[in-house]
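Here is the file run.cif (mmCIF, C-alpha atoms and all ligand atoms).
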```cif
data_entry
#
loop_
_atom_site.label_atom_id
_atom_site.label_comp_id
_atom_site.auth_asym_id
_atom_site.auth_seq_id
_atom_site.Cartn_x
_atom_site.Cartn_y
_atom_site.Cartn_z
CA MET T 281 6.92 -2.15 46.48
CA ALA T 282 3.39 -2.97 47.76
CA ALA T 283 1.97 -0.67 45.09
CA ARG T 284 3.95 -2.53 42.42
CA VAL T 285 2.64 -5.93 43.59
CA LEU T 286 -0.91 -4.58 43.78
CA GLY T 287 -0.55 -3.07 40.27
CA ARG T 288 0.51 -6.44 38.88
CA ALA T 289 -2.35 -8.23 40.65
CA GLY T 290 -4.74 -5.65 39.20
CA ARG T 291 -3.42 -6.26 35.69
CA LEU T 292 -3.80 -10.03 36.12
CA ALA T 293 -7.35 -9.59 37.36
CA ALA T 294 -8.03 -7.46 34.25
CA VAL T 295 -6.68 -10.28 32.05
CA VAL T 296 -9.00 -12.80 33.71
CA ARG T 297 -12.01 -10.45 33.50
CA SER T 298 -11.47 -9.58 29.86
CA SER T 299 -10.81 -13.24 28.89
CA ALA T 300 -14.15 -14.19 30.45
CA LEU T 301 -15.87 -11.44 28.43
CA GLN T 302 -14.28 -12.64 25.20
CA LEU T 303 -15.35 -16.20 25.89
CA ARG T 304 -18.94 -15.00 26.14
CA LEU T 305 -19.05 -12.91 22.95
CA HIS T 306 -16.34 -14.45 20.79
CA GLY T 307 -16.07 -18.00 22.17
CA SER T 308 -12.22 -17.87 22.01
CA ALA T 309 -10.27 -20.95 22.93
CA GLY T 310 -8.17 -21.06 26.13
CA LEU T 311 -5.39 -18.49 26.26
CA ARG T 312 -1.84 -19.43 27.23
CA PHE T 313 0.46 -16.75 28.65
CA GLY T 314 4.23 -16.24 28.85
CA SER T 315 5.91 -14.53 31.81
CA GLN T 316 5.58 -10.92 30.60
CA ALA T 317 1.99 -11.25 29.36
CA SER T 318 0.58 -9.65 32.51
CA PHE T 319 1.96 -6.31 31.28
CA PHE T 320 -0.20 -6.60 28.14
CA PRO T 321 -3.68 -7.73 29.14
CA PRO T 322 -6.06 -8.23 26.24
CA LEU T 323 -9.29 -6.27 26.54
CA GLY T 324 -12.41 -7.91 25.22
CA ASP T 325 -15.07 -5.24 24.98
CA ALA T 326 -15.80 -3.11 21.92
CA MET T 327 -13.56 -0.05 21.78
CA LEU T 328 -15.64 2.28 19.59
CA PRO T 329 -18.71 4.13 20.90
CA SER T 330 -21.91 2.16 20.70
CA GLY T 331 -23.81 2.90 17.47
CA SER T 332 -20.61 3.63 15.48
CA PHE T 333 -21.91 1.39 12.67
CA ASN T 334 -25.61 2.30 12.86
CA ASN T 335 -27.04 2.38 9.30
CA HIS T 336 -23.91 0.65 7.99
CA VAL T 337 -23.84 -2.62 6.07
CA ALA T 338 -20.74 -4.81 6.38
CA LEU T 339 -19.70 -7.83 4.31
CA ILE T 340 -17.23 -10.16 6.01
CA THR T 341 -15.94 -13.09 3.94
CA GLY T 342 -15.15 -16.11 6.08
CA GLY T 343 -17.29 -14.49 8.79
CA GLY T 344 -18.64 -17.78 10.11
CA THR T 345 -15.50 -18.81 12.01
CA GLY T 346 -12.37 -17.58 13.79
CA LEU T 347 -11.29 -13.99 13.28
CA GLY T 348 -14.05 -13.23 10.77
CA ARG T 349 -16.63 -14.31 13.30
CA ALA T 350 -15.09 -12.03 15.94
CA MET T 351 -15.08 -9.09 13.51
CA THR T 352 -18.73 -9.78 12.69
CA ALA T 353 -19.62 -9.91 16.40
CA THR T 354 -17.94 -6.54 17.06
CA LEU T 355 -19.40 -4.76 14.02
CA SER T 356 -22.83 -6.15 14.83
CA GLN T 357 -22.50 -5.05 18.47
CA LEU T 358 -21.66 -1.55 17.18
CA GLY T 359 -24.83 -1.39 15.10
CA ALA T 360 -23.90 -2.78 11.68
CA GLN T 361 -26.11 -5.03 9.64
CA CYS T 362 -23.69 -7.80 8.62
CA ILE T 363 -23.51 -10.29 5.77
CA ILE T 364 -21.19 -13.23 6.28
CA ALA T 365 -20.17 -15.28 3.25
CA SER T 366 -18.25 -18.52 2.77
CA ARG T 367 -18.71 -22.10 1.55
CA LYS T 368 -20.36 -23.77 4.57
CA LEU T 369 -23.90 -22.44 4.88
CA ASP T 370 -24.73 -24.40 8.06
CA ILE T 371 -21.81 -22.84 9.95
CA LEU T 372 -22.65 -19.37 8.62
CA GLN T 373 -26.29 -19.72 9.69
CA ARG T 374 -25.34 -20.88 13.19
CA THR T 375 -22.93 -17.97 13.63
CA ALA T 376 -25.44 -15.49 12.21
CA GLU T 377 -28.13 -16.63 14.63
CA GLU T 378 -25.80 -16.63 17.65
CA ILE T 379 -24.46 -13.14 16.98
CA SER T 380 -27.74 -11.55 16.08
CA SER T 381 -29.45 -13.02 19.14
CA GLN T 382 -26.73 -11.39 21.29
CA THR T 383 -26.62 -7.99 19.58
CA GLY T 384 -30.17 -7.58 18.32
CA ASN T 385 -28.87 -6.65 14.86
CA LYS T 386 -29.51 -8.71 11.76
CA VAL T 387 -26.71 -10.95 10.45
CA HIS T 388 -27.35 -12.57 7.04
CA ALA T 389 -25.64 -15.79 5.93
CA VAL T 390 -24.84 -16.13 2.21
CA GLN T 391 -23.12 -19.14 0.68
CA CYS T 392 -20.23 -18.23 -1.60
CA ASP T 393 -17.03 -19.86 -2.80
CA VAL T 394 -14.83 -16.84 -3.47
CA ARG T 395 -12.76 -18.82 -6.00
CA ASP T 396 -15.69 -18.73 -8.41
CA PRO T 397 -16.33 -15.27 -9.93
CA GLN T 398 -19.89 -16.23 -10.90
CA ALA T 399 -20.65 -17.31 -7.32
CA VAL T 400 -19.24 -14.00 -6.10
CA SER T 401 -21.45 -12.08 -8.50
CA GLN T 402 -24.51 -14.05 -7.34
CA CYS T 403 -23.55 -13.44 -3.70
CA VAL T 404 -23.43 -9.70 -4.37
CA ASP T 405 -26.83 -9.90 -6.14
CA GLN T 406 -28.22 -11.60 -3.04
CA MET T 407 -26.64 -9.01 -0.83
CA GLU T 408 -28.05 -6.11 -2.86
CA ALA T 409 -31.51 -7.61 -2.47
CA LEU T 410 -31.09 -8.14 1.30
CA THR T 411 -29.31 -4.99 2.42
CA GLY T 412 -28.19 -2.91 -0.55
CA LEU T 413 -24.49 -2.42 -1.33
CA PRO T 414 -22.13 -2.44 1.67
CA ASP T 415 -20.28 0.40 3.39
CA VAL T 416 -17.66 -1.98 4.78
CA ILE T 417 -16.00 -4.94 3.06
CA ILE T 418 -13.62 -7.21 4.96
CA ASN T 419 -11.76 -9.74 2.83
CA ASN T 420 -10.92 -12.26 5.51
CA ALA T 421 -11.52 -15.68 3.87
CA ALA T 422 -8.36 -17.74 3.39
CA GLY T 423 -6.94 -21.23 3.03
CA ASN T 424 -3.55 -22.43 4.19
CA PHE T 425 -1.55 -25.42 5.43
CA VAL T 426 2.11 -26.05 6.24
CA CYS T 427 3.85 -28.17 3.63
CA PRO T 428 7.38 -28.44 2.24
CA SER T 429 7.24 -26.79 -1.17
CA GLU T 430 8.63 -29.87 -2.94
CA ARG T 431 5.50 -31.76 -1.81
CA LEU T 432 3.01 -29.26 -3.27
CA SER T 433 0.93 -30.42 -6.24
CA PRO T 434 -0.18 -27.87 -8.87
CA ASN T 435 -3.70 -28.15 -7.46
CA ALA T 436 -2.48 -27.48 -3.90
CA TRP T 437 -0.81 -24.28 -5.16
CA LYS T 438 -3.89 -23.31 -7.15
CA THR T 439 -6.28 -23.99 -4.25
CA ILE T 440 -4.54 -21.61 -1.85
CA THR T 441 -3.74 -18.88 -4.35
CA ASP T 442 -7.30 -19.05 -5.74
CA ILE T 443 -8.91 -18.58 -2.32
CA VAL T 444 -6.52 -15.92 -1.09
CA LEU T 445 -5.51 -13.81 -4.09
CA ASN T 446 -8.14 -14.50 -6.75
CA GLY T 447 -10.95 -14.71 -4.17
CA THR T 448 -10.01 -11.34 -2.70
CA ALA T 449 -9.71 -9.84 -6.19
CA PHE T 450 -13.08 -11.23 -7.36
CA VAL T 451 -14.91 -9.90 -4.28
CA THR T 452 -13.13 -6.54 -4.43
CA LEU T 453 -13.62 -5.99 -8.17
CA GLU T 454 -17.26 -7.09 -8.23
CA LEU T 455 -18.19 -4.82 -5.33
CA GLY T 456 -15.90 -2.01 -6.45
CA LYS T 457 -17.52 -1.84 -9.90
CA ARG T 458 -21.06 -1.84 -8.52
CA LEU T 459 -20.23 0.75 -5.86
CA ILE T 460 -18.62 3.01 -8.46
CA GLN T 461 -21.69 2.68 -10.68
CA ASN T 462 -23.89 3.66 -7.72
CA GLN T 463 -21.55 6.48 -6.68
CA LYS T 464 -21.21 5.00 -3.21
CA GLY T 465 -17.92 4.96 -1.29
CA ALA T 466 -16.79 2.09 0.94
CA SER T 467 -14.03 0.88 3.24
CA PHE T 468 -12.18 -2.23 2.02
CA LEU T 469 -10.00 -4.14 4.47
CA ALA T 470 -7.84 -7.18 3.68
CA ILE T 471 -6.52 -9.54 6.34
CA THR T 472 -3.06 -10.75 5.33
CA THR T 473 -0.21 -11.95 7.60
CA ILE T 474 3.18 -10.77 8.84
CA TYR T 475 4.97 -13.11 6.43
CA ALA T 476 3.33 -11.42 3.43
CA GLU T 477 6.20 -8.97 3.85
CA SER T 478 9.09 -11.30 4.70
CA GLY T 479 7.98 -14.42 2.82
CA SER T 480 8.08 -17.73 4.71
CA GLY T 481 9.13 -21.26 3.94
CA PHE T 482 6.54 -24.05 4.32
CA VAL T 483 3.57 -21.75 3.57
CA VAL T 484 4.79 -20.56 0.17
CA PRO T 485 1.43 -20.43 -1.69
CA SER T 486 -0.08 -18.45 1.19
CA ALA T 487 2.91 -16.09 1.43
CA SER T 488 2.84 -15.47 -2.34
CA ALA T 489 -0.92 -14.91 -2.46
CA LYS T 490 -1.02 -12.65 0.62
CA ALA T 491 1.81 -10.54 -0.86
CA GLY T 492 -0.35 -10.25 -4.00
CA VAL T 493 -3.32 -9.14 -1.91
CA GLU T 494 -1.20 -6.41 -0.35
CA ALA T 495 -0.10 -5.19 -3.81
CA LEU T 496 -3.75 -5.24 -4.95
CA TYR T 497 -4.93 -3.17 -1.97
CA LYS T 498 -2.10 -0.65 -2.09
CA SER T 499 -2.67 -0.18 -5.83
CA LEU T 500 -6.43 0.32 -5.48
CA ALA T 501 -5.91 2.72 -2.57
CA ALA T 502 -4.12 4.93 -5.06
CA GLU T 503 -6.52 4.39 -7.97
CA TRP T 504 -9.99 4.33 -6.38
CA GLY T 505 -9.78 7.10 -3.79
CA ARG T 506 -11.51 9.25 -6.41
CA TYR T 507 -14.58 7.01 -6.10
CA GLY T 508 -14.73 7.31 -2.30
CA HIS T 509 -13.05 3.98 -1.53
CA ARG T 510 -10.43 3.35 1.14
CA PHE T 511 -8.20 0.25 1.10
CA ASN T 512 -6.28 -0.94 4.15
CA ILE T 513 -4.49 -4.06 5.30
CA ILE T 514 -4.08 -5.73 8.69
CA GLN T 515 -1.24 -8.23 9.10
CA PRO T 516 -2.10 -10.35 12.14
CA GLY T 517 0.45 -12.35 14.08
CA PRO T 518 -0.64 -15.66 15.60
CA ILE T 519 -4.15 -15.68 17.08
CA ARG T 520 -5.50 -19.05 18.10
CA THR T 521 -8.34 -20.21 15.86
CA LYS T 522 -9.33 -23.75 15.01
CA GLY T 523 -8.96 -23.11 11.25
CA ALA T 524 -5.41 -21.73 11.47
CA PHE T 525 -3.93 -23.84 14.24
CA SER T 526 -5.26 -27.18 12.95
CA ARG T 527 -3.51 -26.58 9.63
CA LEU T 528 -0.40 -24.68 10.72
CA ASP T 529 0.36 -26.19 14.15
CA PRO T 530 -1.08 -29.70 14.05
CA THR T 531 1.11 -30.91 16.95
CA GLY T 532 0.93 -27.78 19.13
CA ALA T 533 4.75 -27.39 19.15
CA PHE T 534 4.68 -24.07 17.31
CA GLU T 535 2.52 -22.32 19.91
CA LYS T 536 4.92 -22.54 22.84
CA ALA T 537 7.96 -21.54 20.78
CA THR T 538 5.99 -18.61 19.37
CA ILE T 539 4.89 -17.33 22.76
CA ASP T 540 8.51 -17.46 23.95
CA ARG T 541 9.63 -15.17 21.13
CA ILE T 542 6.72 -12.71 21.18
CA PRO T 543 7.80 -9.64 23.21
CA THR T 544 4.30 -9.27 24.67
CA GLY T 545 4.41 -12.89 25.89
CA ARG T 546 1.13 -14.10 24.46
CA LEU T 547 -0.88 -14.75 21.32
CA GLY T 548 -3.33 -12.14 20.12
CA THR T 549 -7.04 -12.59 20.72
CA PRO T 550 -9.91 -12.50 18.20
CA ALA T 551 -11.53 -9.62 20.11
CA GLU T 552 -8.38 -7.50 19.82
CA ILE T 553 -8.15 -7.82 16.06
CA ALA T 554 -11.91 -7.27 15.81
CA ASN T 555 -11.49 -3.91 17.56
CA LEU T 556 -8.72 -2.89 15.17
CA ALA T 557 -10.70 -4.02 12.12
CA ALA T 558 -13.72 -2.08 13.38
CA TYR T 559 -11.67 1.09 13.84
CA VAL T 560 -10.04 0.83 10.39
CA SER T 561 -13.46 0.21 8.80
CA SER T 562 -15.16 3.05 10.68
CA ASN T 563 -15.62 6.71 9.87
CA TYR T 564 -13.11 7.47 12.67
CA ALA T 565 -10.47 6.22 10.20
CA SER T 566 -11.76 8.13 7.17
CA TRP T 567 -8.26 9.56 6.53
CA MET T 568 -6.64 6.12 6.59
CA SER T 569 -6.04 4.54 3.18
CA GLY T 570 -3.18 2.45 1.79
CA ALA T 571 -2.11 1.56 5.34
CA VAL T 572 -0.47 -1.74 6.25
CA ILE T 573 -0.92 -2.36 9.97
CA ARG T 574 1.16 -5.05 11.62
CA PHE T 575 -0.68 -6.44 14.65
CA ASP T 576 1.50 -9.14 16.13
CA GLY T 577 2.61 -8.38 19.70
CA GLY T 578 6.08 -7.59 18.33
CA GLU T 579 6.70 -11.00 16.75
CA TYR T 580 7.93 -9.66 13.39
CA VAL T 581 10.71 -7.50 14.82
CA SER T 582 11.56 -10.21 17.32
CA LEU T 583 12.12 -12.68 14.48
CA ALA T 584 14.03 -10.14 12.41
CA GLY T 585 16.68 -8.74 14.78
CA GLU T 586 20.00 -10.51 14.44
CA PHE T 587 20.93 -10.14 18.12
CA ASN T 588 17.54 -10.62 19.74
CA GLU T 589 18.54 -14.05 21.08
CA LEU T 590 20.75 -12.16 23.55
CA ARG T 591 17.60 -11.78 25.63
CA SER T 592 18.57 -15.11 27.20
CA VAL T 593 21.95 -13.83 28.49
CA THR T 594 21.83 -13.43 32.29
CA PRO T 595 23.17 -10.35 34.19
CA ASP T 596 26.11 -12.45 35.46
CA GLN T 597 26.94 -13.56 31.94
CA TRP T 598 26.75 -9.92 30.79
CA LYS T 599 29.41 -8.99 33.37
CA ILE T 600 31.76 -11.54 31.79
CA LEU T 601 30.91 -10.51 28.23
CA GLU T 602 31.41 -6.84 29.04
CA VAL T 603 34.88 -7.52 30.47
CA MET T 604 35.80 -9.51 27.34
CA ILE T 605 34.60 -6.69 25.06
CA ARG T 606 36.27 -3.93 27.10
CA ASN T 607 39.53 -5.90 27.00
CA THR T 608 39.66 -5.36 23.25
CA LYS T 609 40.38 -1.64 23.80
CA GLY T 610 43.35 -0.55 21.72
CA SER T 611 43.56 -3.84 19.83
C1 LIG T 701 -0.24 -21.21 13.99
C2 LIG T 701 -0.74 -19.96 13.36
C3 LIG T 701 0.34 -18.97 13.17
C4 LIG T 701 0.34 -18.05 12.23
C5 LIG T 701 -0.73 -17.97 11.24
C6 LIG T 701 -0.32 -17.16 10.08
C7 LIG T 701 -1.03 -17.10 8.95
C8 LIG T 701 -2.26 -17.77 8.75
C9 LIG T 701 -2.86 -17.75 7.56
C10 LIG T 701 -4.10 -18.46 7.29
O1 LIG T 701 -4.59 -18.37 6.21
S1 LIG T 701 -4.83 -19.36 8.52
C11 LIG T 701 -6.42 -19.85 7.87
C12 LIG T 701 -6.46 -21.29 7.72
N1 LIG T 701 -7.82 -21.69 7.44
C13 LIG T 701 -8.12 -22.50 6.44
O2 LIG T 701 -7.28 -22.99 5.72
C14 LIG T 701 -9.59 -22.78 6.28
C15 LIG T 701 -9.96 -23.26 4.90
N2 LIG T 701 -9.15 -24.39 4.48
C16 LIG T 701 -9.63 -25.46 3.75
O3 LIG T 701 -10.80 -25.53 3.41
C17 LIG T 701 -8.66 -26.54 3.35
O4 LIG T 701 -7.65 -26.67 4.31
C18 LIG T 701 -8.00 -26.25 1.96
C19 LIG T 701 -7.21 -24.95 1.96
C20 LIG T 701 -7.06 -27.42 1.62
C21 LIG T 701 -9.05 -26.13 0.85
O5 LIG T 701 -9.98 -27.18 0.90
P1 LIG T 701 -10.50 -27.86 -0.47
O6 LIG T 701 -11.52 -28.88 -0.05
O7 LIG T 701 -10.87 -26.86 -1.45
O8 LIG T 701 -9.18 -28.53 -1.01
P2 LIG T 701 -8.72 -30.08 -1.09
O9 LIG T 701 -8.78 -30.73 0.23
O10 LIG T 701 -9.46 -30.70 -2.23
O11 LIG T 701 -7.18 -29.90 -1.47
C22 LIG T 701 -6.78 -29.17 -2.63
C23 LIG T 701 -5.37 -29.61 -3.01
O12 LIG T 701 -4.47 -29.31 -1.92
C24 LIG T 701 -3.83 -30.52 -1.49
N3 LIG T 701 -3.63 -30.47 -0.04
C25 LIG T 701 -4.58 -30.30 0.89
N4 LIG T 701 -4.05 -30.35 2.11
C26 LIG T 701 -2.73 -30.58 1.95
C27 LIG T 701 -1.63 -30.74 2.87
N5 LIG T 701 -1.80 -30.66 4.19
N6 LIG T 701 -0.40 -30.96 2.36
C28 LIG T 701 -0.20 -31.03 1.01
N7 LIG T 701 -1.21 -30.87 0.08
C29 LIG T 701 -2.45 -30.66 0.57
C30 LIG T 701 -4.79 -31.62 -1.87
O13 LIG T 701 -4.13 -32.87 -1.94
C31 LIG T 701 -5.30 -31.12 -3.23
O14 LIG T 701 -4.31 -31.31 -4.22
P3 LIG T 701 -4.43 -32.57 -5.24
O15 LIG T 701 -5.75 -32.45 -5.94
O16 LIG T 701 -4.34 -33.81 -4.40
O17 LIG T 701 -3.26 -32.42 -6.16
N1 LIG T 702 -5.35 -17.04 13.11
C1 LIG T 702 -4.14 -16.57 12.84
O1 LIG T 702 -3.18 -16.76 13.60
C2 LIG T 702 -3.92 -15.77 11.60
C3 LIG T 702 -4.89 -15.62 10.65
N2 LIG T 702 -4.63 -14.84 9.55
C4 LIG T 702 -5.67 -14.57 8.57
O2 LIG T 702 -6.88 -14.29 9.25
C5 LIG T 702 -7.97 -14.66 8.43
C6 LIG T 702 -8.92 -15.55 9.20
O3 LIG T 702 -8.27 -16.76 9.57
P1 LIG T 702 -8.76 -17.63 10.82
O4 LIG T 702 -9.96 -17.04 11.38
O5 LIG T 702 -7.59 -17.87 11.67
O6 LIG T 702 -9.09 -19.03 10.11
P2 LIG T 702 -10.46 -19.72 9.70
O7 LIG T 702 -10.09 -21.00 9.06
O8 LIG T 702 -11.38 -19.75 10.85
O9 LIG T 702 -11.09 -18.72 8.63
C7 LIG T 702 -10.99 -18.88 7.25
C8 LIG T 702 -12.36 -18.63 6.68
O10 LIG T 702 -12.27 -18.62 5.25
C9 LIG T 702 -13.40 -19.24 4.72
N3 LIG T 702 -13.06 -19.79 3.41
C10 LIG T 702 -12.09 -20.68 3.09
N4 LIG T 702 -12.12 -20.97 1.78
C11 LIG T 702 -13.12 -20.23 1.25
C12 LIG T 702 -13.65 -20.09 -0.06
N5 LIG T 702 -13.15 -20.78 -1.09
N6 LIG T 702 -14.68 -19.25 -0.25
C13 LIG T 702 -15.21 -18.54 0.79
N7 LIG T 702 -14.75 -18.63 2.04
C14 LIG T 702 -13.72 -19.47 2.28
C15 LIG T 702 -13.74 -20.36 5.70
O11 LIG T 702 -15.13 -20.69 5.68
P3 LIG T 702 -15.72 -21.95 4.86
O12 LIG T 702 -14.92 -23.14 5.25
O13 LIG T 702 -17.16 -21.97 5.27
O14 LIG T 702 -15.58 -21.60 3.40
C16 LIG T 702 -13.37 -19.72 7.04
O15 LIG T 702 -14.50 -19.13 7.62
C17 LIG T 702 -7.38 -15.32 7.19
O16 LIG T 702 -7.27 -14.37 6.16
C18 LIG T 702 -6.01 -15.72 7.65
O17 LIG T 702 -5.10 -15.81 6.58
C19 LIG T 702 -3.43 -14.24 9.36
C20 LIG T 702 -2.44 -14.38 10.26
C21 LIG T 702 -2.61 -15.12 11.49
#
```
Would you mind writing the file's structure down as structure tokens?
Ligand SMILES: CC/C=C\C/C=C\C=C\C(=O)SCCNC(=O)CCNC(=O)[C@H](O)C(C)(C)COP(=O)(O)OP(=O)(O)OC[C@H]1O[C@@H](n2cnc3c(N)ncnc32)[C@H](O)[C@@H]1OP(=O)(O)O
Ligand SMILES: NC(=O)C1=CN([C@@H]2O[C@H](COP(=O)(O)OP(=O)(O)OC[C@H]3O[C@@H](n4cnc5c(N)ncnc54)[C@H](OP(=O)(O)O)[C@@H]3O)[C@@H](O)[C@H]2O)C=CC1
Amino acid sequence: MAARVLGRAGRLAAVVRSSALQLRLHGSAGLRFGSQASFFPPLGDAMLPSGSFNNHVALITGGGTGLGRAMTATLSQLGAQCIIASRKLDILQRTAEEISSQTGNKVHAVQCDVRDPQAVSQCVDQMEALTGLPDVIINNAAGNFVCPSERLSPNAWKTITDIVLNGTAFVTLELGKRLIQNQKGASFLAITTIYAESGSGFVVPSASAKAGVEALYKSLAAEWGRYGHRFNIIQPGPIRTKGAFSRLDPTGAFEKATIDRIPTGRLGTPAEIANLAAYVSSNYASWMSGAVIRFDGGEYVSLAGEFNELRSVTPDQWKILEVMIRNTKGS
């Protein structure tokens, strides 16, 4: 009994320690925990051996904020030279300076609106001049907001699908063609979402575009292996970032309900997904291509199972239910 209590206290202490670490490197917002979260403490430090990305160049779209920033921090800590690209140059530059002053590795900030194929081509020109072509490409940039579909204007639809599907395609095709020409292989990773698979009301442009991204990456995994390219997908569940939560949970009501239904009792953390993205993008995963990795604390299966709500039935209620069911014998 004492050992069990001590074990639990140890796990809680680990949660606190690793949250403090993440705050330092990734600047994550406050974490909220459900009752079972102490079984699943998030670890904040880099999982791969130091130097795993030495002599590697990584491009992370949307790398100035949220999950992209965390992925950049981890890759940079592991030795990569990173390029982060998005629309807001001031934010990119601030992030680049902060990360590179912590890791000692260069992070370059390049302005790019991924919706514009010419801007993407210029961004890749700039990148070639700065670092040469990349070994790792993470298509992480996205746009989204909750909205009943009957309220969507054509431009609202176009804005989201342009950033998510066309933006990912423009970046992937531009880099893919140049890498093929230079006979250089690379790891491509796309960040989608768990509802790319199920679809979801109220985020229909995002769901449609993310499903398209998954089809794009699975198709290219089959077609471009012969050029040395790997294509993989991570589907994150909810991870608190300002960009996502301000547009998808403006009142904060979604967060509590979500934590209640996630079997691991908490949201994910930016550092956790950064570790997974680093592994998938690394040479340790050189046999991984065409993979779709759900990373959601169990939320998807929790939402899907018809009888999962029975979690709220108490042991006393089960005694009554069991008698009722057993009484059907022979009927
Ligand atoms: C709680 C989390 C749980 C789970 C998360 C699961 C999945 C998460 C997926 C994500 O992708 S989260 C990432 C979210 N991050 C971002 O969205 C960051 C970037 N976003 C933006 O820059 C904007 O929000 C943007 C997507 C609207 C694009 O900005 P831009 O300046 O290019 O567009 P406009 O502001 O000009 O709008 C274009 C068009 O859309 C209409 N519109 C904008 N907001 C809304 C809204 N809330 N409801 C309805 N319509 C909206 C806007 O009116 C324009 O259309 P019209 O020209 O007026 O017709
Ligand atoms: N957080 C979560 O719970 C989840 C997130 N995801 C996915 O994770 C990824 C990161 O999201 P998250 O970090 O939460 O949110 P953020 O809003 O922080 O990240 C989105 C990034 O995309 C960039 N971006 C948006 N539009 C463009 C554009 N037209 N061109 C170039 N860059 C653009 C933004 O930078 P800028 O404004 O400078 O252009 C921003 O850095 C996204 O793909 C999202 O769909 C998926 C499931 C859950």
For T:Ile418, which of T:Arg591, T:Arg349, T:Arg527, T:Lys490 is the closest residue, counting all atoms listed in the file?
-> T:Arg349
Using all atoms listed in the file, determine which residues fall within 6 Å of ligand LIG 702 (chain T), then list them as a ChimeraX atom specification.
-> /T:341-348,366-368,392-395,420-423,443,471-473,516-521,523-524
Which of these residues is nearest to ligand LIG 701 (chain T), using all atoms listed in the file: T:Ala436, T:Ile514, T:Ala584, T:Val593?
->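 Using all atoms listed in the file, the shortest distance to ligand LIG 701 (chain T) belongs to T:Ala436.
Atom O4 of ligand LIG 701 (chain T) is found 23.3 Å from atom CA of T:Ile417.
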Tell me, in Å to one decimal, how far atom CA of T:Arg374 is from atom N4 of ligand LIG 701 (chain T).
->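 Computing it gives 25.8 Å between the two atoms.
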For atom CA of T:Phe468 and atom CA of T:His509, determine how far apart the two atoms are, in Å to one decimal place.
->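 According to the coordinates, atom CA of T:Phe468 and atom CA of T:His509 are separated by 7.2 Å.
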One residue among T:Phe482, T:Pro414, T:Gln406, T:Thr544 is nearest to T:Ala389 when using only C-alpha atoms, and that residue is T:Gln406
Selection: 12 Å around T:Thr439, all atoms listed in the file, excl. self and same-chain fewer than 5 positions, as a ChimeraX atom specification | /T:393-396,422-425,432-434,444-447,485-486,489
From T:Ala537, T:Asn588, T:Ser566, T:Leu547, residue lying nearest T:Pro321 [only C-alpha atoms] |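 Looking only at the distances to T:Pro321, the closest residue turns out to be T:Leu547.
Using only C-alpha atoms and all ligand atoms, the shortest contact distance between ligand LIG 701 (chain T) and any of T:Phe320, T:Tyr507, T:Trp437, T:Phe587 is found at T:Trp437.
Nearest to ligand LIG 701 (chain T) of all the residues T:Ser561, T:Ser429, T:Asn462, T:Asn555 is T:Ser429, based on only C-alpha atoms and all ligand atoms.
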Can you list, as a PyMOL selection string, every protein, DNA or RNA residue that comes within 8 Å of T:Pro397 when you count all atoms listed in the file, leaving out same-chain residues fewer than 4 positions away?
-> chain T and resi 401+447+450-451
What would stretch 483-490 of chain T look like with N, CA, C and O atoms restored, written as a PDB file, in the frame of the given file?
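The new file result24.pdb reads:
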```
ATOM      1  N   VAL T 483       4.916 -22.277   3.859  1.00  0.00           N
ATOM      2  CA  VAL T 483       3.570 -21.750   3.570  1.00  0.00           C
ATOM      3  C   VAL T 483       3.677 -20.876   2.302  1.00  0.00           C
ATOM      4  O   VAL T 483       3.116 -19.785   2.233  1.00  0.00           O
ATOM      5  N   VAL T 484       4.404 -21.399   1.317  1.00  0.00           N
ATOM      6  CA  VAL T 484       4.790 -20.560   0.170  1.00  0.00           C
ATOM      7  C   VAL T 484       3.583 -20.090  -0.667  1.00  0.00           C
ATOM      8  O   VAL T 484       3.526 -18.916  -1.047  1.00  0.00           O
ATOM      9  N   PRO T 485       2.582 -20.949  -0.930  1.00  0.00           N
ATOM     10  CA  PRO T 485       1.430 -20.430  -1.690  1.00  0.00           C
ATOM     11  C   PRO T 485       0.722 -19.310  -0.926  1.00  0.00           C
ATOM     12  O   PRO T 485       0.326 -18.292  -1.513  1.00  0.00           O
ATOM     13  N   SER T 486       0.569 -19.477   0.380  1.00  0.00           N
ATOM     14  CA  SER T 486      -0.080 -18.450   1.190  1.00  0.00           C
ATOM     15  C   SER T 486       0.738 -17.167   1.189  1.00  0.00           C
ATOM     16  O   SER T 486       0.199 -16.063   0.999  1.00  0.00           O
ATOM     17  N   ALA T 487       2.055 -17.291   1.395  1.00  0.00           N
ATOM     18  CA  ALA T 487       2.910 -16.090   1.430  1.00  0.00           C
ATOM     19  C   ALA T 487       2.835 -15.352   0.094  1.00  0.00           C
ATOM     20  O   ALA T 487       2.725 -14.108   0.059  1.00  0.00           O
ATOM     21  N   SER T 488       2.855 -16.107  -1.009  1.00  0.00           N
ATOM     22  CA  SER T 488       2.840 -15.470  -2.340  1.00  0.00           C
ATOM     23  C   SER T 488       1.501 -14.777  -2.569  1.00  0.00           C
ATOM     24  O   SER T 488       1.437 -13.644  -3.066  1.00  0.00           O
ATOM     25  N   ALA T 489       0.414 -15.474  -2.211  1.00  0.00           N
ATOM     26  CA  ALA T 489      -0.920 -14.910  -2.460  1.00  0.00           C
ATOM     27  C   ALA T 489      -1.184 -13.703  -1.561  1.00  0.00           C
ATOM     28  O   ALA T 489      -1.761 -12.702  -1.997  1.00  0.00           O
ATOM     29  N   LYS T 490      -0.771 -13.782  -0.289  1.00  0.00           N
ATOM     30  CA  LYS T 490      -1.020 -12.650   0.620  1.00  0.00           C
ATOM     31  C   LYS T 490      -0.197 -11.428   0.177  1.00  0.00           C
ATOM     32  O   LYS T 490      -0.653 -10.287   0.310  1.00  0.00           O
TER      33      LYS T 490
END
```
